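Data from coords.cif: mmCIF, C-alpha atoms
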data_input
#
loop_
_atom_site.label_atom_id
_atom_site.label_comp_id
_atom_site.auth_asym_id
_atom_site.auth_seq_id
_atom_site.Cartn_x
_atom_site.Cartn_y
_atom_site.Cartn_z
CA MET A 1 -18.19 6.97 37.74
CA ALA A 2 -16.63 3.82 36.47
CA LYS A 3 -12.95 3.71 35.81
CA THR A 4 -12.06 3.95 32.13
CA MET A 5 -9.11 3.25 29.89
CA GLN A 6 -8.05 4.26 26.43
CA PHE A 7 -9.16 1.85 23.73
CA ASP A 8 -8.14 1.80 20.07
CA LEU A 9 -9.48 -0.47 17.39
CA VAL A 10 -7.54 -0.26 14.15
CA SER A 11 -7.61 -2.25 10.95
CA PRO A 12 -5.00 -1.90 8.18
CA GLU A 13 -7.32 0.34 6.23
CA ARG A 14 -8.61 2.65 8.92
CA SER A 15 -8.99 3.39 12.56
CA LEU A 16 -12.45 2.36 13.70
CA MET A 17 -12.64 3.52 17.26
CA SER A 18 -10.57 5.43 19.73
CA SER A 19 -12.15 6.41 23.00
CA GLN A 20 -12.36 5.90 26.74
CA VAL A 21 -14.06 2.64 27.62
CA VAL A 22 -15.16 0.77 30.71
CA SER A 23 -14.64 -2.74 29.44
CA VAL A 24 -14.01 -4.65 26.24
CA GLN A 25 -14.87 -8.23 25.53
CA ILE A 26 -12.21 -9.70 23.25
CA PRO A 27 -12.61 -12.91 21.23
CA ALA A 28 -9.13 -14.19 22.05
CA SER A 29 -7.82 -17.31 20.39
CA GLU A 30 -7.95 -19.27 23.64
CA GLY A 31 -11.42 -18.11 24.63
CA ASP A 32 -13.19 -14.85 25.23
CA MET A 33 -11.68 -12.48 27.70
CA THR A 34 -12.94 -9.23 29.13
CA ALA A 35 -10.43 -6.46 29.55
CA MET A 36 -11.06 -3.80 32.16
CA PRO A 37 -8.86 -0.97 33.40
CA ASP A 38 -5.81 -2.12 35.39
CA HIS A 39 -5.76 -5.52 33.74
CA ALA A 40 -2.36 -7.19 33.82
CA PRO A 41 -0.37 -6.42 30.65
CA ALA A 42 -1.06 -9.10 28.07
CA ILE A 43 -0.79 -9.81 24.39
CA THR A 44 -3.16 -12.24 22.78
CA THR A 45 -4.10 -13.24 19.28
CA LEU A 46 -7.68 -13.00 18.08
CA ARG A 47 -10.01 -15.50 16.54
CA PRO A 48 -12.87 -14.40 14.30
CA GLY A 49 -15.64 -13.25 16.58
CA ILE A 50 -17.46 -10.33 18.08
CA LEU A 51 -15.66 -7.62 19.96
CA SER A 52 -17.95 -5.89 22.36
CA VAL A 53 -16.98 -2.47 23.64
CA GLN A 54 -18.67 -0.96 26.67
CA THR A 55 -18.23 2.76 27.15
CA GLU A 56 -19.87 4.73 29.93
CA SER A 57 -22.90 5.50 27.86
CA GLU A 58 -23.22 2.81 25.25
CA THR A 59 -22.16 -0.55 23.90
CA SER A 60 -20.81 -1.05 20.43
CA ASP A 61 -20.06 -4.34 18.75
CA PHE A 62 -17.60 -5.09 15.99
CA VAL A 63 -16.95 -8.20 13.99
CA VAL A 64 -13.22 -8.83 13.88
CA THR A 65 -11.13 -11.48 12.18
CA GLY A 66 -7.49 -12.17 12.85
CA GLY A 67 -4.94 -9.93 14.45
CA PHE A 68 -4.05 -9.35 18.06
CA ALA A 69 -4.81 -7.32 21.16
CA GLU A 70 -2.22 -5.54 23.20
CA LEU A 71 -3.31 -4.79 26.71
CA GLY A 72 -1.21 -2.48 28.84
CA GLU A 73 -1.99 0.96 30.19
CA SER A 74 -4.35 1.16 27.26
CA LEU A 75 -5.91 -1.47 25.06
CA SER A 76 -5.20 -1.62 21.36
CA VAL A 77 -6.82 -4.17 19.15
CA LEU A 78 -5.24 -4.61 15.75
CA ALA A 79 -7.64 -6.60 13.64
CA GLU A 80 -6.99 -7.70 10.11
CA LYS A 81 -10.62 -7.06 9.29
CA ALA A 82 -12.98 -5.14 11.51
CA LEU A 83 -16.52 -4.06 10.77
CA PRO A 84 -19.15 -2.46 12.98
CA VAL A 85 -21.93 -4.97 13.52
CA ALA A 86 -24.46 -2.46 12.19
CA ASP A 87 -22.70 -2.52 8.81
CA ILE A 88 -22.91 -6.26 8.43
CA ASP A 89 -25.73 -7.66 6.40
CA GLN A 90 -26.13 -11.10 4.96
CA GLY A 91 -24.06 -10.18 1.89
CA ALA A 92 -21.09 -8.90 3.90
CA TYR A 93 -21.28 -11.91 6.16
CA ASP A 94 -21.33 -14.31 3.24
CA ALA A 95 -18.25 -12.57 1.86
CA LEU A 96 -16.45 -13.10 5.17
CA VAL A 97 -17.31 -16.78 5.16
CA ALA A 98 -16.25 -17.12 1.54
CA ASP A 99 -12.91 -15.45 2.33
CA ALA A 100 -12.25 -17.76 5.25
CA LYS A 101 -13.15 -20.76 3.13
CA ALA A 102 -10.85 -19.67 0.36
CA VAL A 103 -7.96 -19.44 2.81
CA ALA A 104 -8.82 -22.82 4.26
CA GLU A 105 -8.96 -24.30 0.79
CA MET A 106 -5.48 -23.00 0.06
CA ALA A 107 -4.07 -24.25 3.35
CA LYS A 108 -5.71 -27.63 3.02
CA ASP A 109 -2.56 -29.62 2.49
CA GLY A 110 -0.20 -27.48 4.55
CA GLU A 111 0.45 -27.51 8.25
CA GLY A 112 -2.01 -24.66 8.86
CA ALA A 113 -4.97 -26.77 7.73
CA ALA A 114 -6.39 -27.35 11.21
CA ASP A 115 -6.08 -23.67 12.10
CA ALA A 116 -7.73 -22.60 8.89
CA ALA A 117 -10.58 -25.05 9.35
CA LYS A 118 -11.10 -23.76 12.87
CA MET A 119 -11.16 -20.24 11.53
CA VAL A 120 -13.98 -21.14 9.15
CA GLN A 121 -15.92 -22.60 12.06
CA ASP A 122 -15.34 -19.43 14.07
CA VAL A 123 -16.54 -17.23 11.26
CA ILE A 124 -19.63 -19.35 10.78
CA ALA A 125 -20.30 -19.21 14.53
CA VAL A 126 -20.50 -15.43 14.32
CA ALA A 127 -23.80 -15.72 12.46
CA GLY A 128 -25.80 -16.72 15.52
CA PRO A 129 -25.34 -13.58 17.63
CA LEU A 130 -25.83 -11.43 14.55
CA GLY A 131 -29.16 -12.98 13.75
CA LEU A 132 -28.09 -13.96 10.27
CA SER A 133 -28.57 -17.29 8.65
CA ALA A 134 -25.36 -19.26 8.87
CA ALA A 135 -23.90 -20.36 5.59
CA SER A 136 -23.25 -24.06 5.51
CA MET B 1 8.93 30.36 -42.34
CA PRO B 2 5.64 28.71 -41.41
CA SER B 3 2.52 30.29 -42.81
CA LEU B 4 -0.11 31.98 -40.66
CA LYS B 5 -2.39 29.01 -41.10
CA ASP B 6 0.33 26.61 -39.85
CA LEU B 7 0.98 28.72 -36.78
CA LYS B 8 -2.70 28.89 -35.99
CA ASN B 9 -2.99 25.14 -36.19
CA ARG B 10 0.00 24.62 -33.95
CA ILE B 11 -1.30 27.05 -31.35
CA SER B 12 -4.64 25.33 -31.19
CA SER B 13 -3.05 21.90 -30.94
CA VAL B 14 -0.78 22.98 -28.08
CA LYS B 15 -3.79 24.57 -26.40
CA SER B 16 -5.70 21.32 -26.44
CA THR B 17 -2.64 19.48 -25.13
CA ARG B 18 -2.51 21.95 -22.28
CA LYS B 19 -6.15 21.30 -21.51
CA ILE B 20 -5.47 17.58 -21.29
CA THR B 21 -2.42 17.90 -19.05
CA LYS B 22 -4.27 20.38 -16.86
CA ALA B 23 -7.14 17.95 -16.47
CA MET B 24 -4.74 15.10 -15.69
CA GLN B 25 -3.05 17.24 -13.09
CA MET B 26 -6.33 17.97 -11.39
CA VAL B 27 -7.37 14.34 -11.44
CA ALA B 28 -3.99 13.37 -9.98
CA ALA B 29 -4.38 15.99 -7.26
CA ALA B 30 -7.75 14.59 -6.26
CA LYS B 31 -6.44 11.02 -6.33
CA LEU B 32 -3.37 12.08 -4.39
CA ARG B 33 -5.51 13.44 -1.60
CA ARG B 34 -7.38 10.17 -1.39
CA ALA B 35 -4.18 8.12 -1.54
CA GLN B 36 -2.62 10.23 1.18
CA GLU B 37 -5.66 9.79 3.38
CA ALA B 38 -5.50 6.04 2.87
CA ALA B 39 -1.80 6.01 3.68
CA GLU B 40 -2.39 7.99 6.84
CA ALA B 41 -5.30 5.79 7.90
CA GLY B 42 -3.09 2.74 7.51
CA ARG B 43 -0.17 4.14 9.44
CA PRO B 44 -1.32 3.54 13.04
CA TYR B 45 -1.91 -0.13 12.32
CA ALA B 46 1.46 -0.64 10.66
CA GLU B 47 3.33 1.23 13.39
CA ARG B 48 1.71 -0.62 16.27
CA PHE B 49 2.05 -3.90 14.50
CA ASN B 50 5.73 -3.46 13.84
CA ALA B 51 6.36 -2.23 17.38
CA VAL B 52 4.73 -5.29 18.93
CA LEU B 53 6.30 -7.63 16.44
CA GLY B 54 9.68 -6.01 17.02
CA SER B 55 9.55 -6.46 20.76
CA LEU B 56 8.30 -10.03 20.39
CA ALA B 57 11.03 -10.78 17.90
CA ALA B 58 13.66 -9.30 20.19
CA GLY B 59 12.47 -11.64 22.93
CA VAL B 60 12.38 -14.78 20.83
CA GLY B 61 14.99 -13.88 18.23
CA ASP B 62 17.99 -15.64 19.70
CA SER B 63 16.47 -18.95 20.61
CA ALA B 64 16.81 -21.86 18.24
CA SER B 65 13.05 -22.28 18.06
CA ALA B 66 12.62 -18.96 16.29
CA PRO B 67 10.35 -19.26 13.25
CA LYS B 68 11.96 -19.46 9.84
CA LEU B 69 10.33 -16.22 8.77
CA LEU B 70 12.35 -14.43 11.43
CA SER B 71 15.66 -16.24 11.39
CA GLY B 72 15.75 -16.93 7.67
CA THR B 73 16.91 -20.09 5.99
CA GLY B 74 20.48 -19.47 7.00
CA LYS B 75 21.43 -18.72 3.42
CA ASP B 76 21.08 -15.75 1.14
CA ASP B 77 21.80 -17.45 -2.16
CA VAL B 78 18.47 -16.95 -3.84
CA GLN B 79 17.17 -13.42 -3.68
CA LEU B 80 13.65 -12.44 -4.62
CA LEU B 81 13.08 -8.84 -5.58
CA VAL B 82 9.52 -7.59 -5.53
CA VAL B 83 9.41 -4.52 -7.74
CA MET B 84 6.33 -2.41 -7.20
CA THR B 85 5.52 0.16 -9.84
CA ALA B 86 2.49 1.86 -11.29
CA GLU B 87 0.02 0.49 -13.79
CA ARG B 88 0.11 3.68 -15.80
CA GLY B 89 2.74 5.93 -17.23
CA LEU B 90 2.85 9.70 -17.59
CA CYS B 91 4.06 10.18 -14.06
CA GLY B 92 7.53 11.60 -14.57
CA GLY B 93 10.43 9.55 -13.34
CA PHE B 94 8.36 7.57 -10.87
CA ASN B 95 8.54 4.16 -12.52
CA SER B 96 12.04 4.59 -13.88
CA SER B 97 13.56 5.51 -10.55
CA ILE B 98 12.17 2.40 -8.87
CA VAL B 99 13.33 0.22 -11.76
CA LYS B 100 16.74 1.89 -11.68
CA LEU B 101 17.15 1.09 -7.99
CA ALA B 102 16.10 -2.50 -8.61
CA LYS B 103 18.53 -2.79 -11.51
CA THR B 104 21.49 -1.64 -9.42
CA HIS B 105 20.52 -4.18 -6.78
CA ILE B 106 20.28 -6.93 -9.37
CA ALA B 107 23.69 -6.01 -10.72
CA GLU B 108 25.21 -6.05 -7.23
CA LEU B 109 23.63 -9.36 -6.32
CA LYS B 110 24.68 -10.94 -9.57
CA ALA B 111 28.23 -9.70 -9.07
CA ALA B 112 28.18 -11.37 -5.66
CA GLY B 113 27.19 -14.65 -7.31
CA LYS B 114 23.61 -14.84 -6.02
CA THR B 115 20.63 -16.13 -7.91
CA VAL B 116 18.13 -13.37 -8.52
CA LYS B 117 14.40 -13.74 -9.06
CA VAL B 118 12.04 -10.91 -9.82
CA LEU B 119 8.37 -10.55 -9.04
CA THR B 120 6.77 -7.49 -10.54
CA VAL B 121 3.76 -5.63 -9.26
CA GLY B 122 2.40 -3.16 -11.77
CA LYS B 123 2.65 -3.26 -15.52
CA LYS B 124 5.07 -0.40 -16.09
CA GLY B 125 7.93 -1.89 -14.15
CA ARG B 126 7.58 -5.16 -15.97
CA GLU B 127 7.69 -3.44 -19.32
CA GLN B 128 10.85 -1.60 -18.41
CA MET B 129 12.64 -4.66 -17.08
CA ASN B 130 11.39 -7.03 -19.72
CA ARG B 131 14.24 -6.43 -22.13
CA GLU B 132 17.09 -7.12 -19.75
CA PHE B 133 15.71 -9.43 -17.12
CA ASP B 134 12.84 -11.40 -18.59
CA ASP B 135 14.61 -14.63 -17.68
CA LEU B 136 14.49 -13.65 -14.01
CA PHE B 137 10.74 -13.12 -13.80
CA VAL B 138 8.91 -15.54 -11.55
CA GLY B 139 5.57 -13.82 -11.48
CA HIS B 140 3.53 -10.73 -11.99
CA VAL B 141 0.74 -9.13 -10.02
CA ASP B 142 -1.69 -7.11 -12.05
CA LEU B 143 -3.45 -4.36 -10.16
CA SER B 144 -4.84 -2.52 -13.16
CA ASP B 145 -8.40 -3.56 -12.36
CA VAL B 146 -8.13 -2.46 -8.75
CA LYS B 147 -9.97 0.78 -8.18
CA LYS B 148 -9.16 1.17 -4.53
CA LEU B 149 -6.25 -0.60 -2.91
CA GLY B 150 -7.44 -2.85 -0.14
CA TYR B 151 -5.69 -4.94 2.45
CA ALA B 152 -6.89 -7.96 0.48
CA ASN B 153 -4.56 -7.03 -2.40
CA ALA B 154 -1.60 -6.99 -0.04
CA GLN B 155 -2.73 -10.28 1.49
CA ASP B 156 -2.78 -11.92 -1.92
CA ILE B 157 0.77 -10.83 -2.65
CA ALA B 158 1.92 -11.86 0.81
CA ARG B 159 0.29 -15.26 0.46
CA ASP B 160 2.06 -15.77 -2.83
CA LEU B 161 5.39 -14.79 -1.26
CA LEU B 162 4.89 -17.06 1.74
CA ALA B 163 3.95 -20.01 -0.44
CA LYS B 164 7.12 -19.48 -2.46
CA PHE B 165 9.14 -19.16 0.73
CA ASP B 166 7.70 -22.37 2.14
CA ALA B 167 8.58 -24.13 -1.09
CA ASP B 168 12.18 -22.95 -0.64
CA GLU B 169 12.09 -20.95 -3.83
CA PHE B 170 14.05 -18.09 -2.30
CA ASP B 171 15.96 -17.17 0.86
CA VAL B 172 15.60 -13.43 1.05
CA ALA B 173 12.81 -11.21 -0.24
CA THR B 174 13.15 -7.49 -0.72
CA ILE B 175 10.43 -5.10 -1.84
CA PHE B 176 11.11 -2.05 -3.97
CA TYR B 177 8.73 0.86 -3.79
CA SER B 178 8.67 4.61 -3.58
CA LYS B 179 8.30 6.34 -0.26
CA PHE B 180 6.09 9.38 -0.37
CA GLN B 181 7.95 12.39 0.92
CA SER B 182 6.09 15.24 -0.74
CA VAL B 183 4.50 16.04 -4.07
CA ILE B 184 7.88 16.84 -5.56
CA SER B 185 9.97 14.22 -3.82
CA GLN B 186 9.45 10.47 -3.76
CA ILE B 187 12.24 8.26 -2.55
CA PRO B 188 12.74 4.85 -4.15
CA THR B 189 13.29 2.44 -1.28
CA ALA B 190 14.39 -1.15 -0.86
CA GLN B 191 13.06 -2.98 2.17
CA GLN B 192 13.73 -6.53 3.24
CA VAL B 193 10.56 -8.36 4.29
CA ILE B 194 11.65 -12.00 4.54
CA PRO B 195 13.35 -12.84 6.84
CA ALA B 196 11.71 -10.12 8.88
CA LYS B 197 13.92 -7.29 9.91
CA PHE B 198 13.06 -4.77 12.58
CA ASP B 199 14.87 -1.66 13.49
CA VAL B 200 14.12 -1.76 17.19
CA ALA B 201 15.63 1.49 18.33
CA GLU B 202 15.52 0.94 22.05
CA GLU B 203 14.99 -2.25 23.96
CA ASP B 204 11.45 -2.18 25.23
CA ALA B 205 11.85 -2.92 28.91
CA GLY B 206 8.14 -3.44 29.41
CA ALA B 207 7.91 -6.19 26.81
CA SER B 208 8.90 -9.01 29.11
CA LEU B 209 6.19 -8.05 31.58
CA PHE B 210 3.44 -9.03 29.20
CA GLU B 211 1.40 -12.14 29.69
CA TYR B 212 1.21 -14.04 26.45
CA GLU B 213 -1.81 -16.04 25.47
CA PRO B 214 -1.02 -18.43 23.81
CA SER B 215 2.78 -18.59 24.17
CA GLU B 216 5.17 -15.95 22.90
CA GLU B 217 6.38 -18.24 20.11
CA ALA B 218 2.87 -19.12 18.98
CA ILE B 219 1.88 -15.48 18.80
CA LEU B 220 5.02 -14.66 16.88
CA ALA B 221 4.41 -17.51 14.45
CA ASP B 222 0.86 -16.24 13.95
CA LEU B 223 1.86 -12.62 13.51
CA LEU B 224 4.92 -12.90 11.28
CA PRO B 225 2.98 -13.85 8.12
CA ARG B 226 0.56 -11.03 8.87
CA GLY B 227 3.56 -8.76 9.30
CA VAL B 228 4.61 -9.49 5.73
CA ALA B 229 1.15 -8.52 4.50
CA THR B 230 1.21 -5.38 6.62
CA GLN B 231 4.54 -4.28 5.23
CA ILE B 232 3.43 -4.94 1.68
CA PHE B 233 0.20 -3.07 2.29
CA SER B 234 1.93 0.02 3.59
CA ALA B 235 4.38 -0.16 0.69
CA LEU B 236 1.47 -0.33 -1.76
CA LEU B 237 -0.18 2.67 -0.13
CA GLU B 238 3.02 4.71 -0.13
CA ASN B 239 3.54 3.75 -3.74
CA ALA B 240 0.06 4.85 -4.72
CA ALA B 241 0.52 8.22 -3.05
CA SER B 242 3.95 8.61 -4.66
CA GLU B 243 2.59 7.76 -8.09
CA GLN B 244 -0.12 10.38 -7.90
CA GLY B 245 2.32 12.93 -6.49
CA ALA B 246 4.79 12.27 -9.30
CA ARG B 247 2.04 12.44 -11.89
CA MET B 248 0.75 15.68 -10.46
CA SER B 249 4.11 17.43 -10.63
CA ALA B 250 4.89 15.97 -14.06
CA MET B 251 1.57 17.23 -15.40
CA ASP B 252 2.07 20.58 -13.71
CA ASN B 253 5.37 20.91 -15.56
CA ALA B 254 3.79 19.86 -18.83
CA THR B 255 1.01 22.41 -18.40
CA ARG B 256 3.51 25.14 -17.73
CA ASN B 257 5.65 24.15 -20.72
CA ALA B 258 2.60 24.17 -22.95
CA GLY B 259 1.78 27.66 -21.69
CA ASP B 260 5.28 28.88 -22.53
CA MET B 261 5.03 27.33 -25.97
CA ILE B 262 1.69 29.01 -26.64
CA ASP B 263 3.15 32.39 -25.66
CA GLN B 264 6.07 31.92 -28.04
CA LEU B 265 3.90 30.76 -30.90
CA THR B 266 1.48 33.64 -30.36
CA ILE B 267 4.33 36.15 -30.59
CA GLU B 268 5.56 34.51 -33.76
CA PHE B 269 2.02 34.47 -35.14
CA ASN B 270 1.52 38.18 -34.43
CA ARG B 271 4.86 39.06 -35.99
CA SER B 272 4.07 37.25 -39.23
CA ARG B 273 0.59 38.75 -39.27
CA GLN B 274 2.10 42.22 -39.00
CA ALA B 275 4.65 41.40 -41.67
CA VAL B 276 1.84 40.35 -44.00
CA ILE B 277 -0.07 43.59 -43.36
CA THR B 278 3.04 45.70 -43.90
CA ASN B 279 3.72 43.85 -47.13
CA GLU B 280 0.20 44.47 -48.35
CA LEU B 281 0.44 48.18 -47.51
CA ILE B 282 3.73 48.51 -49.36
CA GLU B 283 2.19 46.83 -52.37
CA ILE B 284 -0.83 49.14 -52.35
CA ILE B 285 1.27 52.29 -51.87
CA SER B 286 3.78 51.38 -54.51
CA GLY B 287 0.91 50.46 -56.83
CA ALA B 288 -0.70 53.89 -56.23
CA GLU B 289 2.63 55.67 -56.83
CA ALA B 290 3.10 53.90 -60.10
CA LEU B 291 -0.11 55.35 -61.49
#

Step by step, read the file and then write its structure as structure tokens.
Amino acid sequence: MAKTMQFDLVSPERSLMSSQVVSVQIPASEGDMTAMPDHAPAITTLRPGILSVQTESETSDFVVTGGFAELGESLSVLAEKALPVADIDQGAYDALVADAKAVAEMAKDGEGAADAAKMVQDVIAVAGPLGLSAAS
Amino acid sequence: MPSLKDLKNRISSVKSTRKITKAMQMVAAAKLRRAQEAAEAGRPYAERFNAVLGSLAAGVGDSASAPKLLSGTGKDDVQLLVVMTAERGLCGGFNSSIVKLAKTHIAELKAAGKTVKVLTVGKKGREQMNREFDDLFVGHVDLSDVKKLGYANAQDIARDLLAKFDADEFDVATIFYSKFQSVISQIPTAQQVIPAKFDVAEEDAGASLFEYEPSEEAILADLLPRGVATQIFSALLENAASEQGARMSAMDNATRNAGDMIDQLTIEFNRSRQAVITNELIEIISGAEAL
């Protein structure tokens, strides 16, 4: 039996998942990382991407945008927006892209412009693995 | 002495009022349950978030490189008060108690020689403050079209606040809302959001052991703006639950009062009815005796 750890995925509006998991692939801002039990304690921010959770019996994927992951004895991911991949259709995806673009538009002149632009790219990149057509 | 007809009319009008207040109470009860669920669902996120942010802030707080959102502008001359109230009335003292708290704060700040600006969320608070403080208003957020409060609503408000902060329009921002204690008790609360304030009870010894990716400062700079949105979101949720709770107990009272009134009017109605009958009998008897 593989070693497991407690994993929580919460968004401001609800708690999406709380269970024992074997490993979690996190879209961290500096590149993907996979967290397994007994990982060194770490805190990292998230970029928009796909969070892949591997429990003993199944794998579940979530689309997350923004937030951070706290990795200690247990792993908690606090995502600003989190949706199970199964719930995402083209409409929901387009809304995500539109949101990111709106933020980027607002930040265009400020110092966060580069970050916001990168975020749009990240959101658009999510389309590929989901099998959706990427919005331009 | 009102006639029988008048009494009848009044009883039926009070009865229909009671029906309305009863219905409003039941609607409020249903909405309260939903609002409470939403508030509870949001709590884990807010708690975790503030815990992590608190320990990060404790680590970075003293250094000169601390972000402005944490250390403030070094002044407290311009104060922004965000007053969150309901979009609808008929909820007892809910709106007034928040406005009252805000008003005392405004008076205190003004006495201390500070500049005060007010941002209102919710129509009712604006209406109540309009008379005295309309020159202080810097904005208004209308949530009357919002069916279900989402994090996006809080983000919009937070974004507005942050833009104003970046433009040096204020030094300190405080939000006013009502904390939900129970159906009969909601506590108007003032909470400072910018610069961020954390009540870190105990120093988290484990915090320094964390690996940070990217650096501690970068994470903090990324999270602080989100922290503002998180605080506003939980305040909005608490406020929504409080509003429904206050409305429910106000409508419960109104229903009970209407019931009392109906009882009284019915007694009065019966008395006058009896008096009329007695009068008629006397007239008939005395008429018969006269023959």

Could I get the residues of chain A with an atom no further than 6 Å from an atom of chain B, each paired with its nearest atom pair and that distance in Å to one decimal, using all atoms listed in the file, sorted by chain and residue number, as JSON lines?
{"residue": "A:Val10", "atom": "CA", "partner": "B:Tyr45", "partner_atom": "CA", "distance": 5.9}
{"residue": "A:Pro12", "atom": "CA", "partner": "B:Gly42", "partner_atom": "CA", "distance": 5.1}
{"residue": "A:Glu13", "atom": "CA", "partner": "B:Gly42", "partner_atom": "CA", "distance": 5.0}
{"residue": "A:Arg14", "atom": "CA", "partner": "B:Ala41", "partner_atom": "CA", "distance": 4.7}
{"residue": "A:Pro41", "atom": "CA", "partner": "B:Phe210", "partner_atom": "CA", "distance": 4.8}
{"residue": "A:Ala42", "atom": "CA", "partner": "B:Glu211", "partner_atom": "CA", "distance": 4.2}
{"residue": "A:Ile43", "atom": "CA", "partner": "B:Tyr212", "partner_atom": "CA", "distance": 5.1}
{"residue": "A:Thr44", "atom": "CA", "partner": "B:Glu213", "partner_atom": "CA", "distance": 4.8}

Checklist entry - Mind telling me what the PyMOL selection byres ((chain B and resi 72) around 10) catches here, as an NGL selection string? => result :B and (66-71 or 73-76 or 165 or 171-172 or 194-196)

For the residues in the current selection, export C-alpha atoms as a PDB file, in the coordinates of the input.
ATOM      1  CA  ALA B  66      12.620 -18.960  16.290  1.00  0.00           C
ATOM      2  CA  PRO B  67      10.350 -19.260  13.250  1.00  0.00           C
ATOM      3  CA  LYS B  68      11.960 -19.460   9.840  1.00  0.00           C
ATOM      4  CA  LEU B  69      10.330 -16.220   8.770  1.00  0.00           C
ATOM      5  CA  LEU B  70      12.350 -14.430  11.430  1.00  0.00           C
ATOM      6  CA  SER B  71      15.660 -16.240  11.390  1.00  0.00           C
ATOM      7  CA  THR B  73      16.910 -20.090   5.990  1.00  0.00           C
ATOM      8  CA  GLY B  74      20.480 -19.470   7.000  1.00  0.00           C
ATOM      9  CA  LYS B  75      21.430 -18.720   3.420  1.00  0.00           C
ATOM     10  CA  ASP B  76      21.080 -15.750   1.140  1.00  0.00           C
ATOM     11  CA  PHE B 165       9.140 -19.160   0.730  1.00  0.00           C
ATOM     12  CA  ASP B 171      15.960 -17.170   0.860  1.00  0.00           C
ATOM     13  CA  VAL B 172      15.600 -13.430   1.050  1.00  0.00           C
ATOM     14  CA  ILE B 194      11.650 -12.000   4.540  1.00  0.00           C
ATOM     15  CA  PRO B 195      13.350 -12.840   6.840  1.00  0.00           C
ATOM     16  CA  ALA B 196      11.710 -10.120   8.880  1.00  0.00           C
TER      17      ALA B 196
END

Item to check | Output check: residues returned by the PyMOL selection byres ((chain A and resi 74) around 8), as a PyMOL selection string | outcome: chain A and resi 5-7+37+71-73+75-76

Checklist entry - Quick one: residues within 8 Å of B:Thr174, all atoms listed in the file counted, chain neighbours fewer than 4 positions away excluded, as a count of residues only? => result 9

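One finds atom CA of B:Ala29 at 12.4 Å from atom CA of B:Ile184.
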
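Here the PyMOL selection byres ((chain A and resi 81-83) around 6) catches exactly these residues: Ser11, Phe62, Val63, Val64, Thr65, Ala79, Glu80 and Pro84 of chain A.
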
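Minimum atom-to-atom distances from B:Thr266, B:Ala246, B:Ala221, B:Glu283 to A:Thr45 were compared using only C-alpha atoms, and the lowest value belongs to B:Ala221.
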
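Among the candidates A:Asp87, A:Glu56, A:Asp38, A:Asp115, the one nearest to A:Ala100 when counting all atoms listed in the file is A:Asp115.
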
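Taking all atoms listed in the file into account, B:Arg10 lies nearest to B:Leu265 out of the set B:Met251, B:Ala58, B:Leu265, B:Leu101.
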
Item to check | 12 Å contact set for B:Ser12, all atoms listed in the file, chain neighbours under 2 positions out, as a VMD selection string | outcome: chain B and resid 5 to 10 14 to 19 258 to 259 261 to 263 265 to 266 269

Checklist entry - Any idea what's packed within 8 Å of A:Gln25, counting only C-alpha atoms, ignoring anything in its chain fewer than 3 positions away? Could you give it as an MDAnalysis selection string? => result chainID A and resid 32:35 51:53

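Distance check against A:Met106 using all atoms listed in the file: of B:Ser96, B:Asp160, B:Ala240, B:Arg126, the minimum falls on B:Asp160.
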
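Atom pair atom CA of B:Gly122 / atom CA of B:Ser182: separated by 21.8 Å.
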
Item to check | Using all atoms listed in the file: which of B:Glu132, B:Asp252, B:Glu289, B:Glu87 has the shortest distance to B:Met26 | outcome: B:Asp252

Checklist entry - Which residue gives the smallest distance to B:Leu90 among B:Leu53, B:Ala28, B:Ala167, B:Val121, with all atoms listed in the file counted? => result B:Ala28
